[in-house]
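Shown next, in structure tokens, is the structure this report addresses.
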Amino acid sequence: MNQPENPRIRRLVQNPENIDQLRWEGIDLKKYDPNQEKSPNCFKDITRQVFFGAAEGLPCELRYFEMGRGGHSTLERHHHIHGVLILQGRGRVLLGDTIHPVAPFDVIYIPPLTWHQFRADEESSLGFLCLVKSDRDRPMLPTSEDLDLLRQNPQIAEFIRV
Ligand code: MN
């Protein structure tokens, strides 16, 4: 892993093995561990890089998430809020009961207790910054009753991955 000249400045480095993937100096690339999740298929091909958090004395965390082509995040909701800024790629997001295309520099506010899931397009990866507070509740996954309700909308039924 490239280490920064100055730990206060983390410059973008190109990952030679994956030109779609944004990497920063000295920032670990984390993959979700499926064993930590209740459902092994609830996310696909997604990585996380954490820039700032409690270790830096902040009450919030700034993370970069990236999913490969056709990848998706977990369908979830929680009390804490997300502030999202799309940085690269193309995809769609389920936000409550609507689905929206997303592209670089779109800013997305995800309110409390709102179902959300990001999906990269089949021909594009999707990467975004996500701001959360450090002291936050764990995400809730949909129950079968929640899924029945969500799937009453045919577009959502087609979109969601669980
Ligand atoms: Mn979330």
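Every chain in the structure tokens has a letter given in the order shown (A, B, ...), and although residue numbers restart at 1 in each chain, ligands are simply numbered from 1 in the order shown.
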Contacts of ligand 1, 8 Å or closer, only C-alpha atoms and all ligand atoms, given as number ranges by chain: A: 74-78, 81-82, 116-117, 139
Secondary structure check, strand (DSSP E or B) residues of chain A, as a PyMOL selection string: chain A and resi 12-14+22-24+30-31+44-52+60-72+76-77+82-89+91-95+98-102+107-110+116-120+126-133+140
In chain A, DSSP helix (DSSP H, G or I) residues written as an MDAnalysis selection string: chainID A and resid 34:36 54:56 144:150 154:159
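Distances from A:Trp24, A:Leu131, A:Thr98, A:Ser124 to Pro154 in chain A were compared using only C-alpha atoms, and the smallest one belongs to A:Thr98.
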Pairwise distance for CA of Gln3 in chain A and CA of Gly89 in chain A, rounded to one decimal in Å: 26.1 Å
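Shortest separation to Leu62 in chain A among A:Glu158, A:Leu129, A:Asp137, A:His100 occurs at residue A:Leu129, atoms counted being only C-alpha atoms.
Of the listed residues (A:Leu94, A:Phe118, A:Pro104, A:Ser134), A:Phe118 comes nearest to Ser73 in chain A; the distances count only C-alpha atoms.
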Computed interatomic separation between CA of Gln49 in chain A and CA of Asp97 in chain A (Å): 28.5 Å
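The two atoms in question, CA of Asp45 in chain A and CA of Ile99 in chain A, are spaced 20.4 Å apart.
Using only C-alpha atoms, the protein and nucleic acid residues lying no more than 12 Å from Tyr109 in chain A, apart from those fewer than 2 places from it along its own chain, are His80, Ile81, His82, Gly83, Val84, Leu85, Ile86, Val93, Leu94, Leu95, Gly96, Asp106, Val107, Pro111, Pro112, Thr114, His116, Leu129, Cys130, Leu131 and Val132 of chain A.
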Let's have the selection written as a PDB file, in the first residue's frame, with N, CA and C atoms.
ATOM      1  N   HIS A  80     -30.008   6.478  11.834  1.00  0.00           N
ATOM      2  CA  HIS A  80     -29.034   7.511  11.457  1.00  0.00           C
ATOM      3  C   HIS A  80     -29.203   7.909   9.990  1.00  0.00           C
ATOM      4  N   ILE A  81     -28.693   9.088   9.699  1.00  0.00           N
ATOM      5  CA  ILE A  81     -28.842   9.721   8.379  1.00  0.00           C
ATOM      6  C   ILE A  81     -27.573   9.467   7.562  1.00  0.00           C
ATOM      7  N   HIS A  82     -27.739   9.370   6.246  1.00  0.00           N
ATOM      8  CA  HIS A  82     -26.584   9.344   5.343  1.00  0.00           C
ATOM      9  C   HIS A  82     -26.571  10.625   4.524  1.00  0.00           C
ATOM     10  N   GLY A  83     -25.383  11.223   4.396  1.00  0.00           N
ATOM     11  CA  GLY A  83     -25.150  12.224   3.370  1.00  0.00           C
ATOM     12  C   GLY A  83     -24.217  11.597   2.337  1.00  0.00           C
ATOM     13  N   VAL A  84     -24.662  11.550   1.089  1.00  0.00           N
ATOM     14  CA  VAL A  84     -23.921  10.826   0.044  1.00  0.00           C
ATOM     15  C   VAL A  84     -23.545  11.788  -1.079  1.00  0.00           C
ATOM     16  N   LEU A  85     -22.321  11.647  -1.578  1.00  0.00           N
ATOM     17  CA  LEU A  85     -21.866  12.388  -2.758  1.00  0.00           C
ATOM     18  C   LEU A  85     -21.285  11.373  -3.742  1.00  0.00           C
ATOM     19  N   ILE A  86     -21.920  11.253  -4.893  1.00  0.00           N
ATOM     20  CA  ILE A  86     -21.441  10.299  -5.901  1.00  0.00           C
ATOM     21  C   ILE A  86     -20.136  10.845  -6.504  1.00  0.00           C
ATOM     22  N   VAL A  93     -30.372   4.333  -7.180  1.00  0.00           N
ATOM     23  CA  VAL A  93     -30.591   4.182  -5.746  1.00  0.00           C
ATOM     24  C   VAL A  93     -32.089   4.064  -5.471  1.00  0.00           C
ATOM     25  N   LEU A  94     -32.429   3.120  -4.604  1.00  0.00           N
ATOM     26  CA  LEU A  94     -33.775   3.080  -4.016  1.00  0.00           C
ATOM     27  C   LEU A  94     -33.750   3.983  -2.802  1.00  0.00           C
ATOM     28  N   LEU A  95     -34.675   4.923  -2.786  1.00  0.00           N
ATOM     29  CA  LEU A  95     -34.749   5.897  -1.703  1.00  0.00           C
ATOM     30  C   LEU A  95     -36.203   5.915  -1.233  1.00  0.00           C
ATOM     31  N   GLY A  96     -36.477   5.156  -0.171  1.00  0.00           N
ATOM     32  CA  GLY A  96     -37.861   5.055   0.283  1.00  0.00           C
ATOM     33  C   GLY A  96     -38.682   4.247  -0.692  1.00  0.00           C
ATOM     34  N   ASP A 106     -23.795  14.061  -7.929  1.00  0.00           N
ATOM     35  CA  ASP A 106     -25.122  14.102  -7.303  1.00  0.00           C
ATOM     36  C   ASP A 106     -24.939  14.001  -5.794  1.00  0.00           C
ATOM     37  N   VAL A 107     -25.743  14.739  -5.071  1.00  0.00           N
ATOM     38  CA  VAL A 107     -25.736  14.734  -3.607  1.00  0.00           C
ATOM     39  C   VAL A 107     -27.066  14.148  -3.140  1.00  0.00           C
ATOM     40  N   PRO A 111     -32.912  10.114   4.670  1.00  0.00           N
ATOM     41  CA  PRO A 111     -33.463  10.438   5.990  1.00  0.00           C
ATOM     42  C   PRO A 111     -33.530   9.205   6.895  1.00  0.00           C
ATOM     43  N   PRO A 112     -33.819   9.420   8.174  1.00  0.00           N
ATOM     44  CA  PRO A 112     -33.957   8.290   9.107  1.00  0.00           C
ATOM     45  C   PRO A 112     -35.032   7.306   8.630  1.00  0.00           C
ATOM     46  N   THR A 114     -35.442   5.211   6.335  1.00  0.00           N
ATOM     47  CA  THR A 114     -35.801   5.165   4.912  1.00  0.00           C
ATOM     48  C   THR A 114     -35.086   3.979   4.260  1.00  0.00           C
ATOM     49  N   HIS A 116     -33.108   1.969   1.728  1.00  0.00           N
ATOM     50  CA  HIS A 116     -32.198   2.418   0.666  1.00  0.00           C
ATOM     51  C   HIS A 116     -31.305   1.272   0.211  1.00  0.00           C
ATOM     52  N   LEU A 129     -18.959   8.919  -1.720  1.00  0.00           N
ATOM     53  CA  LEU A 129     -18.651   9.253  -0.336  1.00  0.00           C
ATOM     54  C   LEU A 129     -19.928   9.150   0.476  1.00  0.00           C
ATOM     55  N   CYS A 130     -19.791   8.665   1.706  1.00  0.00           N
ATOM     56  CA  CYS A 130     -20.963   8.552   2.586  1.00  0.00           C
ATOM     57  C   CYS A 130     -20.574   9.049   3.962  1.00  0.00           C
ATOM     58  N   LEU A 131     -21.305  10.034   4.431  1.00  0.00           N
ATOM     59  CA  LEU A 131     -21.066  10.633   5.744  1.00  0.00           C
ATOM     60  C   LEU A 131     -22.111  10.109   6.732  1.00  0.00           C
ATOM     61  N   VAL A 132     -21.623   9.628   7.875  1.00  0.00           N
ATOM     62  CA  VAL A 132     -22.519   9.171   8.950  1.00  0.00           C
ATOM     63  C   VAL A 132     -21.989   9.684  10.283  1.00  0.00           C
TER      64      VAL A 132
END
Could you name the residues that touch Phe51 in chain A at 10 Å or less, counting only C-alpha atoms, but leaving out those on the same chain fewer than 3 positions away, as a compact mmCIF listing (two decimals) with C-alpha atoms, in the first residue's frame?
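part02.txt, written as the output of this step:
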# COMPACT_ATOMS: atom_id res chain seq x y z
CA ARG A 10 -4.08 11.27 1.28
CA TRP A 24 -6.16 6.64 -1.69
CA GLY A 26 -2.47 4.74 3.15
CA ILE A 27 -6.21 3.97 3.35
CA ASP A 28 -7.08 0.29 3.85
CA ARG A 48 -15.13 0.48 1.78
CA GLU A 56 -9.41 11.67 14.27
CA GLU A 61 -17.20 9.20 9.69
CA LEU A 62 -16.44 9.90 6.07
CA ARG A 63 -16.20 6.72 4.00
CA TYR A 64 -15.86 5.89 0.32
CA LEU A 129 -18.65 9.25 -0.34
Leu150 in chain A surroundings by only C-alpha atoms, 9 Å radius, close-in-sequence under 5 positions cut, as a ChimeraX atom specification: /A:97,145,156-157,160
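Within the 12 Å cut-off around Ile46 in chain A, using only C-alpha atoms and omitting residues fewer than 6 positions from it on the same chain, the listed residues are A:Gln21, A:Leu29, A:Lys30, A:Lys31, A:Tyr32, A:Asp33, A:Pro34, A:Tyr64, A:Phe65, A:Glu66, A:Met67, A:Gly68, A:Arg69, A:Gly70, A:Gly71, A:His72, A:Ser73, A:Thr74, A:Phe118, A:Arg119, A:Ala120, A:Ser125, A:Leu126, A:Gly127, A:Phe128.
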Proximity to Ile108 in chain A - best of A:Ala54, A:Val162, A:Leu87, A:Leu149, only C-alpha atoms: A:Leu87
Given only C-alpha atoms as the counted atoms, nearest of A:Ile9, A:Ile110, A:Arg136, A:Arg161 to Phe52 in chain A: A:Ile9
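Distances from A:Gly53, A:Pro101, A:Pro142, A:Gly91 to Trp115 in chain A were compared using only C-alpha atoms, and the smallest one belongs to A:Pro142.
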